[in-house]
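Student: For reference, the structure I am asking about is given below.
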Amino acid sequence: MVQPDAAEIRKMLQVFDQSSSLSPSQALRMLRSITRSIAKDPEAYDLLCDPADAEAWRSAGGESYCENQEFTNLLAARWMEVLTRPDFGNAGLDKDEIEDLQEALLRYAAQIEKAELEFGDKEELESKLEELLAAAPEPADSDEEDSQESD
């Protein structure tokens with residue numbers, strides 16, 4: 001059992017805050033990192049205990065966002081916020097990259113739900129990712145790069 005660390009929680013919350021004001025591609029990297037970390041070990045971020053016992057969460061300032069057990073819903077909402085921003089386009093991602101993002105996000109969501117936490121409207125997220133996937137450009141042909149690297 002990992003003891004929740006208020007400093008780590010505070011750092012995660014700062015990254016969460018920054019994700020709303022950066023370019024879509026930067027925001028995606030940040031959100032992916034946070035979501036992966038939480039999915040891997042929600043207890044380390046004090047998300048599994050009763051809100052009344054979430055001492056590290058409170059100490060890190062988490063209560064100014066929401067109760068500890070609600071943060072994963074807030075995180076899912078931030079994903080939708082970034083994915084639906086007018087400047088998102090495809091954030092420079094091709095079909096393979098969006099497919100990879102979709103698979104990772106759904107895997108993280110499943111891990112979060114397995115820990116008995118909610119992850120927003122997963123169907124809405126999946127639908128938006130499908131829409132982005134359909135609109136994304138095909139991956140650049142990397143055969144030339146591969147043959148040059150082997151020389």
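By convention here, the chains of the structure tokens are called A, B, ... in the order presented, each chain's residues are numbered starting at 1, and ligands are numbered starting at 1 in the order presented.
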Find the residues around A:Leu129 up to 10 Å (only C-alpha atoms counted), leave out those fewer than 4 positions away in its own chain, and share them as an NGL selection string.
Tutor: :A and (80 or 83-84 or 98-99 or 101-103 or 105 or 123-125 or 133-135)
Student: I'd like the neighbourhood of stretch 34-44 of chain A as a compact mmCIF listing (two decimals) with all heavy atoms, in the first residue's frame, where a residue qualifies if any of its atoms comes within 9 Å (using only C-alpha atoms), though same-chain residues fewer than 6 positions away should be ignored.
Tutor:
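New file out.txt:
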```txt
# COMPACT_ATOMS: atom_id res chain seq x y z
N MET A 1 0.84 -1.18 0.00
CA MET A 1 0.00 0.00 0.00
C MET A 1 0.88 1.25 0.00
O MET A 1 1.70 1.44 0.87
CB MET A 1 -0.90 -0.04 1.23
CG MET A 1 -1.77 1.17 1.37
SD MET A 1 -2.96 0.88 2.68
CE MET A 1 -2.93 2.44 3.50
N VAL A 2 0.69 2.08 -1.00
CA VAL A 2 1.45 3.32 -1.13
C VAL A 2 0.74 4.41 -0.34
O VAL A 2 -0.46 4.61 -0.50
CB VAL A 2 1.57 3.73 -2.62
CG1 VAL A 2 2.23 5.08 -2.75
CG2 VAL A 2 2.31 2.67 -3.40
N GLN A 3 1.49 5.10 0.49
CA GLN A 3 0.92 6.22 1.23
C GLN A 3 0.76 7.40 0.29
O GLN A 3 1.71 7.76 -0.41
CB GLN A 3 1.83 6.61 2.39
CG GLN A 3 1.71 5.69 3.59
CD GLN A 3 0.34 5.80 4.23
OE1 GLN A 3 -0.58 5.07 3.87
NE2 GLN A 3 0.18 6.70 5.16
N PRO A 4 -0.42 8.01 0.26
CA PRO A 4 -0.59 9.19 -0.58
C PRO A 4 0.35 10.31 -0.15
O PRO A 4 0.56 10.53 1.05
CB PRO A 4 -2.05 9.58 -0.34
CG PRO A 4 -2.70 8.35 0.20
CD PRO A 4 -1.63 7.61 0.94
N ASP A 5 0.95 10.97 -1.09
CA ASP A 5 1.90 12.04 -0.83
C ASP A 5 1.30 13.36 -1.32
O ASP A 5 1.06 13.53 -2.52
CB ASP A 5 3.21 11.73 -1.55
CG ASP A 5 4.26 12.80 -1.40
OD1 ASP A 5 4.13 13.66 -0.50
OD2 ASP A 5 5.23 12.78 -2.18
N GLU A 8 3.06 15.01 -4.29
CA GLU A 8 2.78 14.38 -5.59
C GLU A 8 1.38 14.75 -6.08
O GLU A 8 1.17 14.99 -7.26
CB GLU A 8 2.92 12.85 -5.50
CG GLU A 8 4.34 12.37 -5.56
CD GLU A 8 5.04 12.76 -6.85
OE1 GLU A 8 4.49 12.49 -7.94
OE2 GLU A 8 6.13 13.33 -6.77
N ILE A 9 0.43 14.77 -5.16
CA ILE A 9 -0.94 15.14 -5.53
C ILE A 9 -0.96 16.59 -6.01
O ILE A 9 -1.57 16.91 -7.03
CB ILE A 9 -1.91 14.93 -4.34
CG1 ILE A 9 -1.99 13.44 -3.98
CG2 ILE A 9 -3.29 15.49 -4.66
CD1 ILE A 9 -2.68 13.14 -2.67
N MET A 12 0.43 16.81 -9.46
CA MET A 12 -0.54 16.30 -10.43
C MET A 12 -1.63 17.33 -10.68
O MET A 12 -2.04 17.55 -11.82
CB MET A 12 -1.11 14.98 -9.92
CG MET A 12 -2.12 14.32 -10.84
SD MET A 12 -3.85 14.77 -10.54
CE MET A 12 -4.13 14.26 -8.87
N LEU A 13 -2.10 17.99 -9.63
CA LEU A 13 -3.15 19.00 -9.78
C LEU A 13 -2.63 20.20 -10.58
O LEU A 13 -3.38 20.79 -11.37
CB LEU A 13 -3.67 19.44 -8.41
CG LEU A 13 -4.48 18.38 -7.65
CD1 LEU A 13 -4.76 18.84 -6.23
CD2 LEU A 13 -5.77 18.03 -8.38
N VAL A 15 -0.36 20.07 -12.97
CA VAL A 15 -0.33 19.62 -14.37
C VAL A 15 -1.75 19.63 -14.93
O VAL A 15 -1.98 20.06 -16.06
CB VAL A 15 0.32 18.21 -14.48
CG1 VAL A 15 0.15 17.64 -15.88
CG2 VAL A 15 1.79 18.27 -14.10
N PHE A 16 -2.70 19.17 -14.12
CA PHE A 16 -4.11 19.19 -14.52
C PHE A 16 -4.53 20.62 -14.88
O PHE A 16 -5.14 20.86 -15.92
CB PHE A 16 -4.98 18.62 -13.39
CG PHE A 16 -6.45 18.69 -13.67
CD1 PHE A 16 -7.05 17.76 -14.52
CD2 PHE A 16 -7.24 19.68 -13.11
CE1 PHE A 16 -8.42 17.82 -14.78
CE2 PHE A 16 -8.60 19.74 -13.36
CZ PHE A 16 -9.19 18.82 -14.20
N THR A 72 -11.64 11.71 -10.80
CA THR A 72 -11.55 11.02 -12.09
C THR A 72 -12.65 11.47 -13.04
O THR A 72 -12.44 11.50 -14.25
CB THR A 72 -11.55 9.49 -11.91
OG1 THR A 72 -12.65 9.11 -11.08
CG2 THR A 72 -10.25 9.01 -11.27
N LEU A 75 -11.38 14.71 -14.38
CA LEU A 75 -10.34 14.41 -15.35
C LEU A 75 -10.95 14.02 -16.70
O LEU A 75 -10.53 14.50 -17.75
CB LEU A 75 -9.43 13.28 -14.82
CG LEU A 75 -8.26 12.85 -15.67
CD1 LEU A 75 -7.33 14.01 -15.97
CD2 LEU A 75 -7.51 11.73 -14.97
N ALA A 76 -11.98 13.18 -16.68
CA ALA A 76 -12.66 12.79 -17.92
C ALA A 76 -13.29 14.02 -18.59
O ALA A 76 -13.25 14.16 -19.82
CB ALA A 76 -13.72 11.74 -17.62
N ALA A 104 -5.34 3.63 -25.41
CA ALA A 104 -4.75 3.92 -24.10
C ALA A 104 -5.79 4.52 -23.16
O ALA A 104 -5.92 4.10 -22.01
CB ALA A 104 -3.56 4.86 -24.26
N LEU A 105 -6.55 5.50 -23.65
CA LEU A 105 -7.53 6.15 -22.80
C LEU A 105 -8.60 5.18 -22.33
O LEU A 105 -8.99 5.19 -21.16
CB LEU A 105 -8.16 7.34 -23.54
CG LEU A 105 -9.12 8.21 -22.73
CD1 LEU A 105 -8.46 8.72 -21.45
CD2 LEU A 105 -9.61 9.37 -23.58
N ARG A 107 -8.23 1.96 -22.01
CA ARG A 107 -7.57 1.05 -21.07
C ARG A 107 -7.45 1.71 -19.70
O ARG A 107 -7.75 1.10 -18.68
CB ARG A 107 -6.21 0.66 -21.62
CG ARG A 107 -5.48 -0.39 -20.79
CD ARG A 107 -4.19 -0.87 -21.43
NE ARG A 107 -3.23 0.21 -21.66
CZ ARG A 107 -2.88 0.69 -22.86
NH1 ARG A 107 -3.39 0.19 -23.96
NH2 ARG A 107 -2.01 1.68 -22.97
N TYR A 108 -7.03 2.98 -19.68
CA TYR A 108 -6.92 3.70 -18.41
C TYR A 108 -8.30 3.83 -17.75
O TYR A 108 -8.42 3.65 -16.54
CB TYR A 108 -6.34 5.10 -18.61
CG TYR A 108 -4.98 5.16 -19.24
CD1 TYR A 108 -4.60 6.24 -20.02
CD2 TYR A 108 -4.04 4.13 -19.06
CE1 TYR A 108 -3.34 6.32 -20.60
CE2 TYR A 108 -2.79 4.20 -19.65
CZ TYR A 108 -2.45 5.29 -20.42
OH TYR A 108 -1.21 5.36 -20.99
N ALA A 109 -9.32 4.14 -18.53
CA ALA A 109 -10.68 4.27 -17.99
C ALA A 109 -11.14 2.95 -17.37
O ALA A 109 -11.73 2.95 -16.28
CB ALA A 109 -11.65 4.70 -19.09
N ALA A 110 -10.83 1.84 -18.03
CA ALA A 110 -11.21 0.53 -17.49
C ALA A 110 -10.48 0.26 -16.16
O ALA A 110 -11.08 -0.27 -15.22
CB ALA A 110 -10.91 -0.56 -18.50
N GLN A 111 -9.20 0.62 -16.09
CA GLN A 111 -8.45 0.44 -14.85
C GLN A 111 -9.03 1.31 -13.73
O GLN A 111 -9.13 0.85 -12.59
CB GLN A 111 -6.97 0.80 -15.06
CG GLN A 111 -6.21 -0.20 -15.90
CD GLN A 111 -4.80 0.31 -16.18
OE1 GLN A 111 -4.61 1.25 -16.95
NE2 GLN A 111 -3.82 -0.31 -15.55
N ILE A 112 -9.39 2.53 -14.06
CA ILE A 112 -9.98 3.43 -13.07
C ILE A 112 -11.31 2.88 -12.58
O ILE A 112 -11.58 2.85 -11.38
CB ILE A 112 -10.13 4.86 -13.68
CG1 ILE A 112 -8.74 5.50 -13.79
CG2 ILE A 112 -11.08 5.72 -12.86
CD1 ILE A 112 -8.68 6.77 -14.63
N GLU A 113 -12.12 2.39 -13.50
CA GLU A 113 -13.41 1.82 -13.12
C GLU A 113 -13.24 0.53 -12.32
O GLU A 113 -14.04 0.24 -11.43
CB GLU A 113 -14.28 1.61 -14.35
CG GLU A 113 -14.75 2.93 -14.94
CD GLU A 113 -15.47 2.81 -16.26
OE1 GLU A 113 -15.36 1.75 -16.93
OE2 GLU A 113 -16.14 3.79 -16.63
N ALA A 115 -11.06 0.08 -10.17
CA ALA A 115 -10.77 0.54 -8.81
C ALA A 115 -12.03 1.12 -8.15
O ALA A 115 -11.95 1.71 -7.08
CB ALA A 115 -9.66 1.58 -8.84
N LEU A 117 -13.91 3.58 -9.21
CA LEU A 117 -14.06 5.01 -9.41
C LEU A 117 -14.76 5.21 -10.75
O LEU A 117 -14.73 4.33 -11.60
CB LEU A 117 -12.68 5.69 -9.45
CG LEU A 117 -11.89 5.69 -8.14
CD1 LEU A 117 -10.45 6.12 -8.40
CD2 LEU A 117 -12.54 6.59 -7.12
```
Student: Could you give me, as a PyMOL selection string, the residues within 8 Å of A:Asp96, counting only C-alpha atoms and dropping anything in the same chain fewer than 4 positions from it?
Tutor: chain A and resi 100+138-139
